[in-house]
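Structure file structure_39.txt (compact mmCIF, C-alpha atoms) follows.
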```txt
# COMPACT_ATOMS: atom_id res chain seq x y z
CA MET A 306 5.10 4.43 -4.08
CA TYR A 307 7.78 1.77 -3.79
CA ALA A 308 9.48 -0.45 -1.25
CA ARG A 309 13.01 0.84 -0.58
CA GLN A 310 14.31 -2.60 0.25
CA VAL A 311 16.14 -4.14 -2.71
CA GLY A 312 17.69 -7.52 -1.96
CA ASP A 313 19.26 -7.17 1.46
CA ARG A 314 19.82 -3.45 1.13
CA VAL A 315 17.62 -0.49 2.06
CA LEU A 316 18.00 2.38 -0.39
CA THR A 317 17.54 6.10 0.15
CA PHE A 318 16.31 8.08 -2.83
CA GLY A 319 17.04 11.61 -3.98
CA VAL A 320 16.08 13.68 -7.02
CA SER A 321 18.61 13.22 -9.83
CA GLY A 322 17.57 16.31 -11.77
CA MET A 323 17.08 14.20 -14.87
CA LEU A 324 13.96 13.29 -16.77
CA PHE A 325 13.25 10.13 -18.75
CA ARG A 326 10.19 10.21 -21.00
CA ASP A 327 9.17 13.26 -19.01
CA GLY A 328 9.12 11.31 -15.77
CA LEU A 329 11.15 11.85 -12.63
CA VAL A 330 14.48 10.04 -12.40
CA MET A 331 15.62 9.21 -8.88
CA TYR A 332 19.07 8.18 -7.71
CA ASP A 333 19.88 6.16 -4.65
CA ARG A 334 22.56 7.20 -2.20
CA GLU A 335 23.76 3.70 -1.44
CA THR A 336 24.52 2.33 -4.91
CA ASP A 337 24.25 5.48 -7.05
CA ASN A 338 21.91 3.85 -9.55
CA LEU A 339 19.32 5.82 -11.51
CA TRP A 340 15.69 4.73 -11.15
CA THR A 341 12.68 5.88 -13.16
CA GLN A 342 9.75 6.85 -10.99
CA VAL A 343 6.86 5.85 -13.24
CA ASP A 344 7.85 2.18 -13.35
CA GLY A 345 10.36 1.89 -10.48
CA ARG A 346 13.08 0.43 -12.70
CA ALA A 347 16.85 0.91 -12.48
CA ILE A 348 17.92 2.29 -15.84
CA LYS A 349 21.57 3.02 -15.17
CA GLY A 350 24.09 1.53 -12.79
CA SER A 351 24.96 -1.79 -11.25
CA GLN A 352 21.32 -2.71 -10.72
CA ALA A 353 20.07 -1.80 -14.20
CA GLY A 354 17.01 -3.84 -15.06
CA ARG A 355 15.97 -4.43 -11.46
CA ALA A 356 12.60 -3.12 -10.38
CA LEU A 357 11.38 -1.77 -7.09
CA GLU A 358 8.34 -3.45 -5.60
CA VAL A 359 5.17 -1.35 -5.92
CA VAL A 360 3.53 -0.33 -2.66
CA PRO A 361 -0.16 0.20 -3.44
CA SER A 362 -1.19 3.83 -3.07
CA MET A 363 -4.14 5.98 -3.93
CA HIS A 364 -5.13 9.50 -4.83
CA ALA A 365 -7.78 11.41 -2.97
CA THR A 366 -8.71 14.93 -2.20
CA TRP A 367 -8.09 15.82 1.43
CA LYS A 368 -11.82 15.93 2.00
CA GLN A 369 -12.28 12.41 0.64
CA TRP A 370 -9.27 11.07 2.48
CA LYS A 371 -10.11 12.35 5.94
CA GLN A 372 -13.64 11.06 5.64
CA LEU A 373 -12.43 7.51 5.01
CA TYR A 374 -9.33 7.66 7.22
CA PRO A 375 -9.97 10.14 10.04
CA ARG A 376 -7.29 8.62 12.27
CA SER A 377 -4.52 8.78 9.68
CA LEU A 378 -1.25 10.66 9.94
CA VAL A 379 -0.36 13.44 7.53
CA LEU A 380 3.05 14.60 6.37
CA LYS A 381 3.72 17.91 8.10
CA GLN A 382 4.03 21.03 6.05
CA ARG A 383 4.08 24.73 6.40
CA GLY A 384 2.35 27.29 4.27
CA VAL A 385 1.93 25.46 0.98
CA ALA A 386 -1.13 27.27 -0.27
CA ARG A 387 -1.55 25.55 -3.60
CA SER A 388 0.10 23.27 -6.08
CA ALA A 389 3.14 24.73 -7.79
CA TYR A 390 1.84 23.00 -10.90
CA ASP A 391 -1.70 24.19 -10.78
CA ALA A 392 -1.56 25.76 -14.22
CA TYR A 393 0.45 22.85 -15.61
CA ASN A 394 -1.97 20.27 -14.26
CA ARG A 395 -4.88 22.08 -15.84
CA ASP A 396 -3.32 22.73 -19.24
CA PRO A 397 -4.32 19.87 -21.53
CA ASN A 398 -1.72 20.81 -24.14
CA GLN A 399 1.42 21.02 -22.03
CA LEU A 400 2.67 17.45 -21.86
CA GLY A 401 5.76 17.23 -19.72
CA ILE A 402 8.23 19.99 -19.34
CA ARG A 403 10.05 19.38 -22.61
CA GLY A 404 6.86 19.21 -24.61
CA ARG A 405 5.74 15.96 -26.10
CA ARG A 406 3.70 14.44 -28.85
CA LEU A 407 1.27 11.80 -27.76
CA ARG A 408 0.81 8.96 -30.24
CA ASP A 409 -1.63 6.93 -28.24
CA LYS A 410 -4.89 8.81 -27.98
CA ARG A 411 -7.05 6.17 -26.36
CA LEU A 412 -7.48 8.60 -23.49
CA PRO A 413 -6.94 12.35 -23.26
CA ALA A 414 -3.29 13.04 -22.46
CA LYS A 415 -3.87 14.41 -18.99
CA GLU A 416 -6.58 12.01 -17.97
CA ARG A 417 -6.01 10.88 -14.41
CA ILE A 418 -5.71 7.14 -14.37
CA ILE A 419 -5.14 4.39 -11.87
CA GLY A 420 -2.47 2.08 -13.21
CA VAL A 421 -2.34 -1.56 -12.20
CA ARG A 422 0.55 -3.87 -13.08
CA ALA A 423 0.69 -7.63 -12.74
CA GLY A 424 3.58 -9.48 -14.34
CA ASP A 425 4.00 -8.07 -17.83
CA VAL A 426 0.47 -6.76 -18.03
CA ALA A 427 -0.42 -3.14 -17.34
CA VAL A 428 -3.95 -1.76 -17.32
CA ALA A 429 -4.99 1.87 -17.06
CA PHE A 430 -8.34 2.68 -15.44
CA ALA A 431 -9.56 6.23 -16.06
CA GLU A 432 -10.61 7.63 -12.69
CA LYS A 433 -13.71 9.20 -14.17
CA ASP A 434 -14.82 5.89 -15.70
CA VAL A 435 -14.37 4.10 -12.38
CA ARG A 436 -16.33 6.84 -10.63
CA GLU A 437 -19.09 6.51 -13.16
CA ALA A 438 -19.24 2.72 -12.75
CA ARG A 439 -18.85 3.01 -8.95
CA ILE A 440 -17.62 -0.58 -8.77
CA VAL A 441 -15.35 -2.29 -11.29
CA GLN A 442 -14.30 -5.93 -11.40
CA ALA A 443 -11.51 -6.64 -13.82
CA GLU A 444 -8.55 -8.87 -14.51
CA VAL A 445 -5.06 -7.49 -14.90
CA GLY A 446 -3.35 -10.44 -16.51
CA SER A 447 -4.10 -13.18 -14.02
CA LEU A 448 -4.81 -10.77 -11.16
CA PRO A 449 -8.49 -10.24 -10.36
CA VAL A 450 -9.08 -6.73 -9.00
CA VAL A 451 -11.97 -4.70 -7.75
CA MET A 452 -12.08 -0.91 -7.70
CA ILE A 453 -14.65 0.83 -5.60
CA ALA A 454 -15.80 4.44 -5.67
CA ALA A 455 -18.58 3.99 -3.18
CA GLY A 456 -19.63 7.61 -2.99
CA LYS A 457 -18.83 10.97 -4.52
CA ASP A 458 -16.83 11.85 -1.45
CA HIS A 459 -14.95 8.56 -1.33
CA PRO A 460 -11.55 8.00 -2.85
CA ILE A 461 -11.20 5.08 -5.24
CA VAL A 462 -9.85 1.99 -3.51
CA ALA A 463 -8.44 -1.06 -5.30
CA PHE A 464 -8.20 -4.60 -3.94
CA ASP A 465 -7.07 -8.02 -5.08
CA ARG A 466 -10.29 -10.11 -5.21
CA ARG A 467 -8.68 -13.37 -4.13
CA VAL A 468 -9.30 -14.69 -0.64
CA SER A 469 -7.72 -18.02 0.28
CA GLY A 470 -7.47 -19.03 -3.36
CA ARG A 471 -11.08 -18.14 -4.12
CA VAL A 472 -11.98 -15.27 -6.45
CA LEU A 473 -14.79 -13.09 -5.15
CA SER A 474 -16.95 -10.58 -6.95
CA PHE A 475 -18.50 -7.63 -5.21
CA ARG A 476 -21.57 -5.47 -5.41
CA LEU A 477 -22.59 -2.22 -3.82
CA ILE A 478 -25.08 -2.24 -0.98
CA ASP A 479 -28.06 0.06 -1.32
CA GLY A 480 -27.83 2.91 1.11
CA ALA A 481 -24.32 2.04 2.32
CA SER A 482 -21.17 3.69 1.05
CA ASP A 483 -18.77 2.29 3.62
CA ALA A 484 -19.22 -1.40 2.77
CA VAL A 485 -19.71 -3.77 -0.17
CA GLU A 486 -21.00 -7.32 -0.31
CA ASP A 487 -19.47 -10.33 -2.04
CA GLN A 488 -21.74 -12.34 -4.30
CA GLN A 489 -20.32 -15.70 -3.30
CA THR A 490 -21.01 -15.61 0.45
CA GLY A 491 -22.92 -12.37 1.04
CA SER A 492 -20.25 -11.24 3.52
CA ARG A 493 -19.94 -7.49 4.05
CA TRP A 494 -16.56 -5.87 3.51
CA SER A 495 -15.28 -2.52 4.70
CA VAL A 496 -14.41 -0.23 1.79
CA ALA A 497 -11.83 1.64 3.86
CA ASP A 498 -9.66 -1.29 4.91
CA GLY A 499 -10.84 -4.34 2.95
CA ARG A 500 -11.76 -6.39 5.98
CA ALA A 501 -14.84 -8.62 6.14
CA LEU A 502 -17.10 -7.17 8.82
CA SER A 503 -19.79 -9.84 8.89
CA GLY A 504 -20.90 -13.01 7.15
CA ALA A 505 -19.17 -16.31 6.46
CA LEU A 506 -15.84 -14.61 5.70
CA LYS A 507 -15.90 -12.29 8.74
CA GLY A 508 -12.36 -11.30 9.71
CA ALA A 509 -10.86 -12.11 6.29
CA GLN A 510 -8.69 -9.42 4.74
CA LEU A 511 -8.40 -8.33 1.10
CA GLU A 512 -4.95 -7.35 -0.11
CA ARG A 513 -4.57 -4.02 -1.87
CA ALA A 514 -4.07 -4.33 -5.62
CA PRO A 515 -0.71 -3.02 -6.90
CA ALA A 516 -2.34 0.18 -8.13
CA TYR A 517 -1.15 3.74 -8.24
CA PRO A 518 -2.24 7.03 -9.77
CA ALA A 519 -0.75 8.57 -12.92
CA PHE A 520 -1.47 10.82 -15.85
CA TRP A 521 -2.33 8.90 -19.01
CA PHE A 522 0.52 10.37 -21.05
CA GLY A 523 3.07 9.57 -18.36
CA TRP A 524 1.83 6.02 -17.93
CA MET A 525 1.69 5.16 -21.62
CA GLY A 526 5.20 6.49 -22.22
CA TYR A 527 6.47 3.77 -19.90
CA PHE A 528 3.89 1.09 -20.67
CA PRO A 529 3.14 1.54 -24.38
CA SER A 530 1.36 -1.83 -24.58
CA THR A 531 -0.92 -0.98 -21.67
CA GLU A 532 -4.55 -1.97 -21.89
CA VAL A 533 -7.24 0.58 -21.15
CA TRP A 534 -10.20 -0.57 -19.13
CA LYS A 535 -13.56 0.03 -20.77
CA ARG A 536 -16.97 -0.56 -19.36
CA MET B 403 3.15 10.96 -10.33
CA LYS B 404 3.92 13.73 -12.63
CA SER B 405 6.49 15.04 -14.97
CA SER B 406 7.48 18.21 -13.43
CA ILE B 407 10.93 19.01 -12.39
CA ALA B 408 11.96 21.82 -14.61
CA LEU B 409 8.77 23.74 -14.01
CA MET B 410 10.58 24.77 -10.88
CA LEU B 411 12.85 26.81 -13.06
CA GLY B 412 10.20 29.28 -14.09
CA VAL B 413 11.62 31.45 -16.82
CA LEU B 414 14.39 28.98 -17.57
CA ALA B 415 11.82 26.30 -18.07
CA ALA B 416 10.04 28.35 -20.66
CA ALA B 417 13.31 28.78 -22.52
CA ALA B 418 14.01 25.06 -22.33
CA VAL B 419 10.64 24.22 -23.79
CA ALA B 420 11.14 26.68 -26.58
CA MET B 421 14.49 25.14 -27.48
CA ALA B 422 13.58 21.48 -27.20
CA ALA B 423 11.97 19.73 -30.11
CA PRO B 424 8.90 17.81 -28.98
CA GLN B 425 9.84 14.37 -27.79
CA ASP B 426 7.95 11.37 -28.80
CA ASP B 427 7.01 8.43 -26.67
CA ARG B 428 9.96 6.25 -27.63
CA ASP B 429 12.59 8.75 -26.57
CA ASN B 430 15.19 6.82 -24.59
CA ALA B 431 17.43 9.71 -23.66
CA LEU B 432 18.10 10.96 -20.17
CA HIS B 433 17.60 14.71 -20.04
CA VAL B 434 19.42 16.71 -17.40
CA VAL B 435 17.25 19.63 -16.38
CA LEU B 436 18.54 20.42 -12.90
CA PRO B 437 21.56 19.59 -10.74
CA ARG B 438 21.25 16.58 -8.47
CA ASP B 439 19.37 17.41 -5.24
CA ALA B 440 18.29 20.83 -6.54
CA ILE B 441 14.88 19.57 -5.50
CA PRO B 442 15.47 18.30 -1.98
CA ALA B 443 13.87 14.96 -1.19
CA ILE B 444 12.59 14.39 2.35
CA PHE B 445 14.66 12.04 4.48
CA ASN B 446 13.19 12.52 7.95
CA PRO B 447 9.48 13.02 7.49
CA GLU B 448 7.40 14.33 10.37
CA PHE B 449 3.71 13.69 10.74
CA GLU B 450 0.70 15.11 12.46
CA ALA B 451 -2.76 13.74 13.15
CA ALA B 452 -5.36 14.24 10.42
CA SER B 453 -7.45 16.13 12.97
CA GLU B 454 -4.62 18.67 13.40
CA ALA B 455 -3.66 19.02 9.76
CA ARG B 456 -4.69 22.11 7.86
CA LEU B 457 -5.02 21.09 4.26
CA ALA B 458 -7.47 22.52 1.77
CA ASP B 459 -10.47 20.28 1.12
CA HIS B 460 -9.60 20.00 -2.56
CA GLU B 461 -5.88 19.42 -1.91
CA LEU B 462 -4.79 16.21 -3.61
CA VAL B 463 -3.04 13.68 -1.40
CA ILE B 464 -1.32 10.36 -2.02
CA GLY B 465 -2.41 7.84 0.57
CA VAL B 466 -1.15 4.51 1.83
CA VAL B 467 -3.23 2.18 3.97
CA GLY B 468 -1.73 -0.61 6.05
CA ASP B 469 -3.00 -3.08 8.61
CA ARG B 470 -2.91 -0.58 11.46
CA GLU B 471 -1.94 2.78 10.04
CA GLN B 472 -2.82 5.13 7.23
CA ARG B 473 -0.70 8.00 5.95
CA ALA B 474 -1.39 10.86 3.57
CA TYR B 475 1.12 13.01 1.72
CA SER B 476 0.02 16.26 0.13
CA THR B 477 0.90 16.51 -3.54
CA TRP B 478 1.18 20.28 -3.10
CA LEU B 479 4.07 19.63 -0.78
CA LEU B 480 5.43 16.82 -2.97
CA ASP B 481 5.54 19.22 -5.91
CA ARG B 482 8.44 20.86 -4.08
CA ARG B 483 10.10 17.72 -2.72
CA GLU B 484 9.19 14.90 -5.16
CA ILE B 485 10.33 12.03 -2.89
CA VAL B 486 9.68 11.13 0.75
CA ASN B 487 11.92 8.44 2.25
CA ASP B 488 9.63 7.03 4.90
CA THR B 489 9.11 3.90 6.98
CA PHE B 490 5.54 2.64 7.13
CA GLU B 491 4.53 -0.13 9.51
CA GLY B 492 8.19 -1.08 9.73
CA ARG B 493 8.70 -1.22 5.98
CA PRO B 494 10.99 1.32 4.27
CA ILE B 495 9.05 3.01 1.47
CA ALA B 496 9.61 5.81 -1.01
CA VAL B 497 6.65 8.06 -1.69
CA THR B 498 7.29 9.44 -5.14
CA TRP B 499 5.51 12.07 -7.18
```
Translate this file's structure into structure tokens.
Amino acid sequence: MYARQVGDRVLTFGVSGMLFRDGLVMYDRETDNLWTQVDGRAIKGSQAGRALEVVPSMHATWKQWKQLYPRSLVLKQRGVARSAYDAYNRDPNQLGIRGRRLRDKRLPAKERIIGVRAGDVAVAFAEKDVREARIVQAEVGSLPVVMIAAGKDHPIVAFDRRVSGRVLSFRLIDGASDAVEDQQTGSRWSVADGRALSGALKGAQLERAPAYPAFWFGWMGYFPSTEVWKR
Amino acid sequence: MKSSIALMLGVLAAAAVAMAAPQDDRDNALHVVLPRDAIPAIFNPEFEAASEARLADHELVIGVVGDREQRAYSTWLLDRREIVNDTFEGRPIAVTW
């Protein structure tokens, strides 16, 4: 997910019909540049080299999502009974439509990851590893992040751990899946929206980390020097 | 996020795979697999309340959470549209898949 504002212009994106490293290539109607979806970069046209700003986003099943965000809005649809790529998504050997060899086998090709980028540093967090850990504190370059999978039915959320220049670390609270506690002040923070609910930091707000979901093979094609988070 | 487009082509896609040598990760070529806009992006998205929406429990969504609002986009729908040009809390965004 990206901001459509680039400089003083708002762009509108369509599907170019092209693939780059098996990822979607978008074009914009205003300047007719080509942009790669995995990294949000202009690869052809007057803006080549520019990058769109990442808008943090997350993956969840509908069940997980509506539990955490019951008052959300949902893009309207009619009669889409299942993914058109159900078989593709499940097939561990079909990598991209043109077929691809994967050199970097640090993770299985179709592992679902959460990618985080900060400056030139990219880190891939395998969703299953984050779920297993339930709470992960890490640094992506100079960016301290926390990922929380508070319960089986919760989506994974990712926040920047800095509040007013101070870096916090968080722990789970026994018996609570909707809040975590910071170790510095003992304040309680809502998992759903990153706001401090009580304690010395009550009312403070965590920013979302610039994280978004990807397949491992798609991510590493664009960020070959990516780090992989390990417990 | 997914590499997907030509799967839409069904039989043609199978032929394309058969003809194409496997790429490797440093391939810097642009590959045309469909005409522009053959997959129609969404330009005027409409929304409904989560309480009204009829998605399957295991349906994968992409979500965005702001200061006041949250929005979810079904990946099953995005499979067919790939891009949603939206405005979220006043900020123009592109939901891409």
Open item on the list: Under the rule that only C-alpha atoms are counted, which of A:Ile478, A:Val311, A:Ala365, A:Val330 is the nearest residue to chain B?
Closed with: A:Ala365
Open item on the list: Tell me which residues come within 10 Å of (-12.9, 1.6, 2.3), as a PyMOL selection string, counting all atoms listed in the file in the file's coordinates.
Closed with: (chain A and resi 373-374+453-455+459-464+482-485+494-500) or (chain B and resi 467)
- [ ] Using all atoms listed in the file, find the one residue out of A:Val450, A:Val472, A:Ala423, A:Met323 that sits nearest to chain B.
- [x]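 Result for the nearest residue to chain B: A:Met323.
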Mind running chain B against chain A at 6 Å and telling me each contacting residue's nearest atom pair with the distance in Å (one decimal), counting all atoms listed in the file, chain and number ascending, as JSON lines?
```
{"residue": "B:Met403", "atom": "CA", "partner": "A:Ala519", "partner_atom": "CA", "distance": 5.3}
{"residue": "B:Ser405", "atom": "CA", "partner": "A:Gly328", "partner_atom": "CA", "distance": 4.6}
{"residue": "B:Val419", "atom": "CA", "partner": "A:Arg403", "partner_atom": "CA", "distance": 5.0}
{"residue": "B:Pro424", "atom": "CA", "partner": "A:Arg405", "partner_atom": "CA", "distance": 4.7}
{"residue": "B:Gln425", "atom": "CA", "partner": "A:Arg405", "partner_atom": "CA", "distance": 4.7}
{"residue": "B:Asp426", "atom": "CA", "partner": "A:Arg406", "partner_atom": "CA", "distance": 5.2}
{"residue": "B:Asp427", "atom": "CA", "partner": "A:Gly526", "partner_atom": "CA", "distance": 5.2}
{"residue": "B:Leu432", "atom": "CA", "partner": "A:Phe325", "partner_atom": "CA", "distance": 5.1}
{"residue": "B:His433", "atom": "CA", "partner": "A:Leu324", "partner_atom": "CA", "distance": 5.1}
{"residue": "B:Val434", "atom": "CA", "partner": "A:Met323", "partner_atom": "CA", "distance": 4.3}
{"residue": "B:Val435", "atom": "CA", "partner": "A:Met323", "partner_atom": "CA", "distance": 5.6}
{"residue": "B:Leu436", "atom": "CA", "partner": "A:Gly322", "partner_atom": "CA", "distance": 4.4}
{"residue": "B:Pro437", "atom": "CA", "partner": "A:Gly322", "partner_atom": "CA", "distance": 5.3}
{"residue": "B:Arg438", "atom": "CA", "partner": "A:Ser321", "partner_atom": "CA", "distance": 4.5}
{"residue": "B:Asp439", "atom": "CA", "partner": "A:Val320", "partner_atom": "CA", "distance": 5.3}
{"residue": "B:Ala443", "atom": "CA", "partner": "A:Gly319", "partner_atom": "CA", "distance": 5.4}
{"residue": "B:Glu448", "atom": "CA", "partner": "A:Lys381", "partner_atom": "CA", "distance": 5.6}
{"residue": "B:Phe449", "atom": "CA", "partner": "A:Leu380", "partner_atom": "CA", "distance": 4.5}
{"residue": "B:Glu450", "atom": "CA", "partner": "A:Val379", "partner_atom": "CA", "distance": 5.3}
{"residue": "B:Ala451", "atom": "CA", "partner": "A:Leu378", "partner_atom": "CA", "distance": 4.7}
{"residue": "B:Ala452", "atom": "CA", "partner": "A:Leu378", "partner_atom": "CA", "distance": 5.5}
{"residue": "B:Asp459", "atom": "CA", "partner": "A:Lys368", "partner_atom": "CA", "distance": 4.6}
{"residue": "B:His460", "atom": "CA", "partner": "A:Thr366", "partner_atom": "CA", "distance": 5.2}
{"residue": "B:Glu461", "atom": "CA", "partner": "A:Thr366", "partner_atom": "CA", "distance": 5.3}
{"residue": "B:Leu462", "atom": "CA", "partner": "A:Thr366", "partner_atom": "CA", "distance": 4.4}
{"residue": "B:Val463", "atom": "CA", "partner": "A:Ala365", "partner_atom": "CA", "distance": 5.5}
{"residue": "B:Ile464", "atom": "CA", "partner": "A:His364", "partner_atom": "CA", "distance": 4.8}
{"residue": "B:Gly465", "atom": "CA", "partner": "A:Met363", "partner_atom": "CA", "distance": 5.2}
{"residue": "B:Val466", "atom": "CA", "partner": "A:Ser362", "partner_atom": "CA", "distance": 4.9}
{"residue": "B:Gln472", "atom": "CA", "partner": "A:Ser377", "partner_atom": "CA", "distance": 4.7}
{"residue": "B:Arg473", "atom": "CA", "partner": "A:Leu378", "partner_atom": "CA", "distance": 4.8}
{"residue": "B:Ala474", "atom": "CA", "partner": "A:Val379", "partner_atom": "CA", "distance": 4.8}
{"residue": "B:Tyr475", "atom": "CA", "partner": "A:Leu380", "partner_atom": "CA", "distance": 5.3}
{"residue": "B:Trp478", "atom": "CA", "partner": "A:Ser388", "partner_atom": "CA", "distance": 4.4}
{"residue": "B:Pro494", "atom": "CA", "partner": "A:Arg309", "partner_atom": "CA", "distance": 5.3}
{"residue": "B:Ile495", "atom": "CA", "partner": "A:Ala308", "partner_atom": "CA", "distance": 4.4}
{"residue": "B:Ala496", "atom": "CA", "partner": "A:Tyr307", "partner_atom": "CA", "distance": 5.2}
{"residue": "B:Val497", "atom": "CA", "partner": "A:Met306", "partner_atom": "CA", "distance": 4.6}
{"residue": "B:Thr498", "atom": "CA", "partner": "A:Met306", "partner_atom": "CA", "distance": 5.6}
```
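When CA of Lys433 (chain A) is paired with CA of Leu477 (chain A), their separation reads 17.8 Å.
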- [ ] Skip Gly504 (chain A) itself and residues of its chain fewer than 2 positions away, then list as a list in words all residues within 7 Å of it, counting only C-alpha atoms.
- [x] Gly491, Ser492, Arg493, Leu506 and Lys507 of chain A
TODO: Work out how far CA of Ala481 (chain A) is from CA of Asp458 (chain A), in Å to one decimal.
DONE: 12.9 Å
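From CA of Gly354 (chain A) back to CA of Val451 (chain A), the distance works out to 29.9 Å.
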TODO: Quick one: everything within 12 Å of Asp434 (chain A), counting only C-alpha atoms, minus sequence neighbours fewer than 6 positions away in the same chain. Send it as a list in words.
DONE: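 Here the answer would be Leu412, Glu416, Arg417, Ile418, Ile419, Ile440, Val441, Met452, Ile453, Ala454, Ile461, Val533, Trp534, Lys535 and Arg536 of chain A.
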Open item on the list: Nearest residue to Glu471 (chain B) out of B:Pro442, B:Ile485, B:Trp499, B:Gly492, using only C-alpha atoms?
Closed with: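 Smallest distance to Glu471 (chain B) is found for B:Gly492.
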Which centre and edge lengths in Å to one decimal define the box along x, y and z that fits every listed atom of region 445-459 of chain B plus 4 Å per side, as AutoDock Vina command-line options?
```
--center_x 2.1 --center_y 17.3 --center_z 7.3 --size_x 33.1 --size_y 18.5 --size_z 20.3
```
